[in-house]
Amino acid sequence: MSRLKFFASICVGFAVYSILTLTIGQNGIWAYNQLELQRDALTENVASLQAVNENLILDYQSLISDEARIKALARKLGYVCDGEVLVKINGLTDRGTKVYDCGSVYRTSELLFVEEQVCKMMGIIFFALSFLLFTVTGLRKRKLTPRSSNPAAATVVTIVSR
């Protein structure tokens with residue numbers, strides 16, 4: 001019976017360790033969900049950077065090939081062609097120059113998890129507690145049940161006549 005209690009206690013300790021490791025351990029479900037959130041954020045960041053890149057490529061291609069765009073940008077910068085006169089009127093606001101968004105730096109955060117040593121210690125503690133519990137309950141049962149070497153002596157029958 002003692003071996004059975006010991007084996008059951010080992011099973012309890014191993015089950016606690018396994019559950020903790022699989023749920024909140026370094027490679028557990030909690031860490032996996034955190035990694036998925038970081039992956040989604042990185043995917044969104046990459047998509048926004050690709051959109052910025054496509055806009056820059058379009059602007060670059062139009063500046064290389066579209067002569068009217070080149071002249072308009074040159075006039076905005078204060079350049080004029082031969083025979084043209086630049087007139088600047090004070091008080092009018094400039095529509096502003098286009099400011100390009102260069103994206104943002106995405107920094108990954110540290111994963112939160114319970115260390116392996118803590119999971120192992122919890123498994124050992126639950127092993128010890130369950131073994132102690134099984135042992136104490138076994139002693140109580142032994143104290144509560146009367147034990148006799150003679151099975152016939154344990155049964156007392158009283159016959160009363162009227």
# chains A, B, ... in the order shown; residues from 1 in each chain; ligands from 1
call {"tool": "select_by_dssp", "arguments": {"residues": "chain A", "states": "helix (DSSP H, G or I)", "output": "number ranges by chain"}}
result
A: 2-24, 29-65, 67-76, 116-144, 151-154
call {"tool": "residues_around", "arguments": {"residues": "range 68-71 of chain A", "least_positions_apart": "6", "cutoff": "10 Å", "atoms": "only C-alpha atoms", "output": "list in words"}}
result
Asp59, Ser62, Leu77, Tyr79, Val80 and Cys81 of chain A
call {"tool": "residues_around", "arguments": {"residues": "range 98-102 of chain A", "least_positions_apart": "2", "cutoff": "9 Å", "atoms": "only C-alpha atoms", "output": "MDAnalysis selection string"}}
result
chainID A and resid 49 52:53 55:56 96 104
call {"tool": "write_last_selection", "arguments": {"atoms": "N, CA and C atoms", "output": "PDB file, in the first residue's frame"}}
result
ATOM      1  N   LEU A  49       5.028  49.830 -43.519  1.00  0.00           N
ATOM      2  CA  LEU A  49       6.298  50.191 -44.158  1.00  0.00           C
ATOM      3  C   LEU A  49       6.270  49.892 -45.662  1.00  0.00           C
ATOM      4  N   VAL A  52       4.346  52.732 -47.281  1.00  0.00           N
ATOM      5  CA  VAL A  52       5.208  53.920 -47.387  1.00  0.00           C
ATOM      6  C   VAL A  52       6.204  53.733 -48.529  1.00  0.00           C
ATOM      7  N   ASN A  53       6.763  52.545 -48.637  1.00  0.00           N
ATOM      8  CA  ASN A  53       7.731  52.257 -49.698  1.00  0.00           C
ATOM      9  C   ASN A  53       7.087  52.386 -51.083  1.00  0.00           C
ATOM     10  N   ASN A  55       4.503  54.263 -51.891  1.00  0.00           N
ATOM     11  CA  ASN A  55       4.278  55.688 -52.151  1.00  0.00           C
ATOM     12  C   ASN A  55       5.563  56.385 -52.552  1.00  0.00           C
ATOM     13  N   LEU A  56       6.655  56.056 -51.904  1.00  0.00           N
ATOM     14  CA  LEU A  56       7.944  56.661 -52.256  1.00  0.00           C
ATOM     15  C   LEU A  56       8.389  56.242 -53.661  1.00  0.00           C
ATOM     16  N   GLY A  96       2.278  73.886 -48.228  1.00  0.00           N
ATOM     17  CA  GLY A  96       3.192  73.008 -47.494  1.00  0.00           C
ATOM     18  C   GLY A  96       3.824  71.970 -48.395  1.00  0.00           C
ATOM     19  N   SER A 104       7.853  53.514 -38.290  1.00  0.00           N
ATOM     20  CA  SER A 104       8.254  53.581 -36.889  1.00  0.00           C
ATOM     21  C   SER A 104       9.017  52.313 -36.515  1.00  0.00           C
TER      22      SER A 104
END
call {"tool": "residues_around", "arguments": {"residues": "range 128-132 of chain A", "least_positions_apart": "2", "cutoff": "10 Å", "atoms": "only C-alpha atoms", "output": "MDAnalysis selection string"}}
result
chainID A and resid 2 5:13 122:126 134:138
call {"tool": "write_last_selection", "arguments": {"atoms": "N, CA and C atoms", "output": "PDB file, in the first residue's frame"}}
result
ATOM      1  N   SER A   2       2.016   1.177   0.653  1.00  0.00           N
ATOM      2  CA  SER A   2       2.901   2.326   0.720  1.00  0.00           C
ATOM      3  C   SER A   2       3.445   2.675  -0.665  1.00  0.00           C
ATOM      4  N   LYS A   5       0.749   4.596  -2.577  1.00  0.00           N
ATOM      5  CA  LYS A   5       0.672   5.994  -2.133  1.00  0.00           C
ATOM      6  C   LYS A   5       1.823   6.809  -2.717  1.00  0.00           C
ATOM      7  N   PHE A   6       3.009   6.217  -2.698  1.00  0.00           N
ATOM      8  CA  PHE A   6       4.177   6.909  -3.249  1.00  0.00           C
ATOM      9  C   PHE A   6       4.005   7.147  -4.747  1.00  0.00           C
ATOM     10  N   PHE A   7       3.533   6.129  -5.460  1.00  0.00           N
ATOM     11  CA  PHE A   7       3.324   6.270  -6.903  1.00  0.00           C
ATOM     12  C   PHE A   7       2.234   7.301  -7.211  1.00  0.00           C
ATOM     13  N   ALA A   8       1.149   7.294  -6.435  1.00  0.00           N
ATOM     14  CA  ALA A   8       0.076   8.275  -6.634  1.00  0.00           C
ATOM     15  C   ALA A   8       0.588   9.685  -6.359  1.00  0.00           C
ATOM     16  N   SER A   9       1.438   9.846  -5.360  1.00  0.00           N
ATOM     17  CA  SER A   9       2.016  11.153  -5.050  1.00  0.00           C
ATOM     18  C   SER A   9       2.927  11.631  -6.179  1.00  0.00           C
ATOM     19  N   ILE A  10       3.698  10.709  -6.737  1.00  0.00           N
ATOM     20  CA  ILE A  10       4.548  11.062  -7.884  1.00  0.00           C
ATOM     21  C   ILE A  10       3.678  11.515  -9.056  1.00  0.00           C
ATOM     22  N   CYS A  11       2.581  10.825  -9.280  1.00  0.00           N
ATOM     23  CA  CYS A  11       1.674  11.203 -10.372  1.00  0.00           C
ATOM     24  C   CYS A  11       1.083  12.591 -10.141  1.00  0.00           C
ATOM     25  N   VAL A  12       0.699  12.887  -8.913  1.00  0.00           N
ATOM     26  CA  VAL A  12       0.151  14.214  -8.595  1.00  0.00           C
ATOM     27  C   VAL A  12       1.208  15.294  -8.842  1.00  0.00           C
ATOM     28  N   GLY A  13       2.421  15.073  -8.354  1.00  0.00           N
ATOM     29  CA  GLY A  13       3.504  16.047  -8.555  1.00  0.00           C
ATOM     30  C   GLY A  13       3.826  16.242 -10.025  1.00  0.00           C
ATOM     31  N   MET A 122       7.165  23.580  -7.680  1.00  0.00           N
ATOM     32  CA  MET A 122       5.744  23.400  -7.378  1.00  0.00           C
ATOM     33  C   MET A 122       5.351  21.922  -7.511  1.00  0.00           C
ATOM     34  N   GLY A 123       5.895  21.237  -8.506  1.00  0.00           N
ATOM     35  CA  GLY A 123       5.637  19.807  -8.652  1.00  0.00           C
ATOM     36  C   GLY A 123       6.146  19.019  -7.460  1.00  0.00           C
ATOM     37  N   ILE A 124       7.352  19.368  -6.984  1.00  0.00           N
ATOM     38  CA  ILE A 124       7.925  18.676  -5.824  1.00  0.00           C
ATOM     39  C   ILE A 124       7.101  18.970  -4.572  1.00  0.00           C
ATOM     40  N   ILE A 125       6.676  20.220  -4.410  1.00  0.00           N
ATOM     41  CA  ILE A 125       5.863  20.582  -3.237  1.00  0.00           C
ATOM     42  C   ILE A 125       4.544  19.823  -3.256  1.00  0.00           C
ATOM     43  N   PHE A 126       3.891  19.754  -4.413  1.00  0.00           N
ATOM     44  CA  PHE A 126       2.633  19.017  -4.481  1.00  0.00           C
ATOM     45  C   PHE A 126       2.841  17.518  -4.288  1.00  0.00           C
ATOM     46  N   PHE A 134      -1.816  11.465   1.815  1.00  0.00           N
ATOM     47  CA  PHE A 134      -2.137  10.049   1.676  1.00  0.00           C
ATOM     48  C   PHE A 134      -1.688   9.269   2.909  1.00  0.00           C
ATOM     49  N   THR A 135      -0.544   9.638   3.452  1.00  0.00           N
ATOM     50  CA  THR A 135      -0.034   8.945   4.630  1.00  0.00           C
ATOM     51  C   THR A 135      -0.911   9.228   5.848  1.00  0.00           C
ATOM     52  N   VAL A 136      -1.275  10.494   6.046  1.00  0.00           N
ATOM     53  CA  VAL A 136      -2.099  10.859   7.207  1.00  0.00           C
ATOM     54  C   VAL A 136      -3.484  10.234   7.110  1.00  0.00           C
ATOM     55  N   THR A 137      -4.095  10.249   5.939  1.00  0.00           N
ATOM     56  CA  THR A 137      -5.421   9.635   5.807  1.00  0.00           C
ATOM     57  C   THR A 137      -5.341   8.125   5.995  1.00  0.00           C
ATOM     58  N   GLY A 138      -4.250   7.519   5.615  1.00  0.00           N
ATOM     59  CA  GLY A 138      -4.068   6.077   5.832  1.00  0.00           C
ATOM     60  C   GLY A 138      -3.929   5.755   7.309  1.00  0.00           C
TER      61      GLY A 138
END
call {"tool": "atom_distance", "arguments": {"atom1": "CA of Leu58 in chain A", "atom2": "CA of Leu73 in chain A"}}
result
15.2 Å
call {"tool": "atom_distance", "arguments": {"atom1": "CA of Phe127 in chain A", "atom2": "CA of Asn33 in chain A"}}
result
29.4 Å
call {"tool": "decode", "arguments": {"residues": "range 118-132 of chain A", "atoms": "all heavy atoms", "output": "PDB file, in the first residue's frame"}}
result
ATOM      1  N   VAL A 118      10.679  27.111 -11.083  1.00  0.00           N
ATOM      2  CA  VAL A 118       9.491  27.330 -10.251  1.00  0.00           C
ATOM      3  C   VAL A 118       8.469  26.227 -10.502  1.00  0.00           C
ATOM      4  O   VAL A 118       7.857  25.703  -9.563  1.00  0.00           O
ATOM      5  CB  VAL A 118       8.890  28.730 -10.521  1.00  0.00           C
ATOM      6  CG1 VAL A 118       7.592  28.923  -9.767  1.00  0.00           C
ATOM      7  CG2 VAL A 118       9.888  29.818 -10.158  1.00  0.00           C
ATOM      8  N   CYS A 119       8.285  25.853 -11.768  1.00  0.00           N
ATOM      9  CA  CYS A 119       7.351  24.763 -12.091  1.00  0.00           C
ATOM     10  C   CYS A 119       7.807  23.454 -11.446  1.00  0.00           C
ATOM     11  O   CYS A 119       6.985  22.701 -10.900  1.00  0.00           O
ATOM     12  CB  CYS A 119       7.238  24.597 -13.600  1.00  0.00           C
ATOM     13  SG  CYS A 119       6.504  26.002 -14.446  1.00  0.00           S
ATOM     14  N   LYS A 120       9.110  23.187 -11.485  1.00  0.00           N
ATOM     15  CA  LYS A 120       9.632  21.962 -10.871  1.00  0.00           C
ATOM     16  C   LYS A 120       9.438  21.983  -9.364  1.00  0.00           C
ATOM     17  O   LYS A 120       9.040  20.979  -8.764  1.00  0.00           O
ATOM     18  CB  LYS A 120      11.113  21.800 -11.207  1.00  0.00           C
ATOM     19  CG  LYS A 120      11.368  21.400 -12.639  1.00  0.00           C
ATOM     20  CD  LYS A 120      12.850  21.286 -12.927  1.00  0.00           C
ATOM     21  CE  LYS A 120      13.082  20.949 -14.380  1.00  0.00           C
ATOM     22  NZ  LYS A 120      14.505  20.884 -14.705  1.00  0.00           N
ATOM     23  N   MET A 121       9.706  23.127  -8.747  1.00  0.00           N
ATOM     24  CA  MET A 121       9.539  23.220  -7.295  1.00  0.00           C
ATOM     25  C   MET A 121       8.076  23.032  -6.896  1.00  0.00           C
ATOM     26  O   MET A 121       7.783  22.378  -5.886  1.00  0.00           O
ATOM     27  CB  MET A 121      10.058  24.570  -6.774  1.00  0.00           C
ATOM     28  CG  MET A 121      11.570  24.695  -6.804  1.00  0.00           C
ATOM     29  SD  MET A 121      12.408  23.383  -5.890  1.00  0.00           S
ATOM     30  CE  MET A 121      11.888  23.742  -4.232  1.00  0.00           C
ATOM     31  N   MET A 122       7.165  23.580  -7.680  1.00  0.00           N
ATOM     32  CA  MET A 122       5.744  23.400  -7.378  1.00  0.00           C
ATOM     33  C   MET A 122       5.351  21.922  -7.511  1.00  0.00           C
ATOM     34  O   MET A 122       4.571  21.407  -6.719  1.00  0.00           O
ATOM     35  CB  MET A 122       4.884  24.272  -8.294  1.00  0.00           C
ATOM     36  CG  MET A 122       5.021  25.757  -8.033  1.00  0.00           C
ATOM     37  SD  MET A 122       4.595  26.229  -6.360  1.00  0.00           S
ATOM     38  CE  MET A 122       2.858  25.937  -6.363  1.00  0.00           C
ATOM     39  N   GLY A 123       5.895  21.237  -8.506  1.00  0.00           N
ATOM     40  CA  GLY A 123       5.637  19.807  -8.652  1.00  0.00           C
ATOM     41  C   GLY A 123       6.146  19.019  -7.460  1.00  0.00           C
ATOM     42  O   GLY A 123       5.463  18.124  -6.948  1.00  0.00           O
ATOM     43  N   ILE A 124       7.352  19.368  -6.984  1.00  0.00           N
ATOM     44  CA  ILE A 124       7.925  18.676  -5.824  1.00  0.00           C
ATOM     45  C   ILE A 124       7.101  18.970  -4.572  1.00  0.00           C
ATOM     46  O   ILE A 124       6.840  18.075  -3.765  1.00  0.00           O
ATOM     47  CB  ILE A 124       9.408  19.090  -5.641  1.00  0.00           C
ATOM     48  CG1 ILE A 124      10.244  18.514  -6.793  1.00  0.00           C
ATOM     49  CG2 ILE A 124       9.947  18.644  -4.296  1.00  0.00           C
ATOM     50  CD1 ILE A 124      11.655  19.024  -6.851  1.00  0.00           C
ATOM     51  N   ILE A 125       6.676  20.220  -4.410  1.00  0.00           N
ATOM     52  CA  ILE A 125       5.863  20.582  -3.237  1.00  0.00           C
ATOM     53  C   ILE A 125       4.544  19.823  -3.256  1.00  0.00           C
ATOM     54  O   ILE A 125       4.113  19.278  -2.230  1.00  0.00           O
ATOM     55  CB  ILE A 125       5.644  22.108  -3.193  1.00  0.00           C
ATOM     56  CG1 ILE A 125       6.955  22.806  -2.818  1.00  0.00           C
ATOM     57  CG2 ILE A 125       4.536  22.484  -2.224  1.00  0.00           C
ATOM     58  CD1 ILE A 125       6.929  24.310  -2.972  1.00  0.00           C
ATOM     59  N   PHE A 126       3.891  19.754  -4.413  1.00  0.00           N
ATOM     60  CA  PHE A 126       2.633  19.017  -4.481  1.00  0.00           C
ATOM     61  C   PHE A 126       2.841  17.518  -4.288  1.00  0.00           C
ATOM     62  O   PHE A 126       1.978  16.842  -3.734  1.00  0.00           O
ATOM     63  CB  PHE A 126       1.910  19.309  -5.803  1.00  0.00           C
ATOM     64  CG  PHE A 126       1.013  20.502  -5.729  1.00  0.00           C
ATOM     65  CD1 PHE A 126       1.510  21.770  -5.949  1.00  0.00           C
ATOM     66  CD2 PHE A 126      -0.322  20.359  -5.411  1.00  0.00           C
ATOM     67  CE1 PHE A 126       0.695  22.876  -5.865  1.00  0.00           C
ATOM     68  CE2 PHE A 126      -1.151  21.451  -5.325  1.00  0.00           C
ATOM     69  CZ  PHE A 126      -0.644  22.725  -5.550  1.00  0.00           C
ATOM     70  N   PHE A 127       3.987  16.994  -4.747  1.00  0.00           N
ATOM     71  CA  PHE A 127       4.308  15.595  -4.477  1.00  0.00           C
ATOM     72  C   PHE A 127       4.393  15.361  -2.971  1.00  0.00           C
ATOM     73  O   PHE A 127       3.774  14.434  -2.431  1.00  0.00           O
ATOM     74  CB  PHE A 127       5.629  15.203  -5.145  1.00  0.00           C
ATOM     75  CG  PHE A 127       6.293  14.014  -4.520  1.00  0.00           C
ATOM     76  CD1 PHE A 127       5.789  12.742  -4.696  1.00  0.00           C
ATOM     77  CD2 PHE A 127       7.419  14.179  -3.725  1.00  0.00           C
ATOM     78  CE1 PHE A 127       6.388  11.641  -4.101  1.00  0.00           C
ATOM     79  CE2 PHE A 127       8.026  13.089  -3.129  1.00  0.00           C
ATOM     80  CZ  PHE A 127       7.513  11.817  -3.316  1.00  0.00           C
ATOM     81  N   ALA A 128       5.131  16.228  -2.267  1.00  0.00           N
ATOM     82  CA  ALA A 128       5.313  16.070  -0.831  1.00  0.00           C
ATOM     83  C   ALA A 128       3.988  16.219  -0.084  1.00  0.00           C
ATOM     84  O   ALA A 128       3.683  15.433   0.826  1.00  0.00           O
ATOM     85  CB  ALA A 128       6.341  17.072  -0.313  1.00  0.00           C
ATOM     86  N   LEU A 129       3.197  17.218  -0.478  1.00  0.00           N
ATOM     87  CA  LEU A 129       1.913  17.426   0.196  1.00  0.00           C
ATOM     88  C   LEU A 129       0.954  16.261  -0.030  1.00  0.00           C
ATOM     89  O   LEU A 129       0.266  15.821   0.896  1.00  0.00           O
ATOM     90  CB  LEU A 129       1.282  18.732  -0.270  1.00  0.00           C
ATOM     91  CG  LEU A 129       1.946  20.021   0.222  1.00  0.00           C
ATOM     92  CD1 LEU A 129       1.283  21.229  -0.409  1.00  0.00           C
ATOM     93  CD2 LEU A 129       1.918  20.099   1.731  1.00  0.00           C
ATOM     94  N   SER A 130       0.913  15.758  -1.245  1.00  0.00           N
ATOM     95  CA  SER A 130       0.003  14.643  -1.512  1.00  0.00           C
ATOM     96  C   SER A 130       0.474  13.373  -0.797  1.00  0.00           C
ATOM     97  O   SER A 130      -0.345  12.610  -0.283  1.00  0.00           O
ATOM     98  CB  SER A 130      -0.133  14.413  -3.013  1.00  0.00           C
ATOM     99  OG  SER A 130       1.109  14.028  -3.570  1.00  0.00           O
ATOM    100  N   PHE A 131       1.781  13.155  -0.751  1.00  0.00           N
ATOM    101  CA  PHE A 131       2.279  11.982  -0.039  1.00  0.00           C
ATOM    102  C   PHE A 131       1.961  12.089   1.448  1.00  0.00           C
ATOM    103  O   PHE A 131       1.537  11.122   2.084  1.00  0.00           O
ATOM    104  CB  PHE A 131       3.786  11.818  -0.260  1.00  0.00           C
ATOM    105  CG  PHE A 131       4.338  10.556   0.323  1.00  0.00           C
ATOM    106  CD1 PHE A 131       4.010   9.329  -0.220  1.00  0.00           C
ATOM    107  CD2 PHE A 131       5.174  10.588   1.435  1.00  0.00           C
ATOM    108  CE1 PHE A 131       4.511   8.158   0.300  1.00  0.00           C
ATOM    109  CE2 PHE A 131       5.679   9.425   1.968  1.00  0.00           C
ATOM    110  CZ  PHE A 131       5.346   8.206   1.408  1.00  0.00           C
ATOM    111  N   LEU A 132       2.130  13.290   1.996  1.00  0.00           N
ATOM    112  CA  LEU A 132       1.788  13.514   3.401  1.00  0.00           C
ATOM    113  C   LEU A 132       0.292  13.309   3.634  1.00  0.00           C
ATOM    114  O   LEU A 132      -0.113  12.659   4.608  1.00  0.00           O
ATOM    115  CB  LEU A 132       2.217  14.924   3.807  1.00  0.00           C
ATOM    116  CG  LEU A 132       1.998  15.314   5.262  1.00  0.00           C
ATOM    117  CD1 LEU A 132       2.884  14.476   6.172  1.00  0.00           C
ATOM    118  CD2 LEU A 132       2.290  16.788   5.443  1.00  0.00           C
TER     119      LEU A 132
END
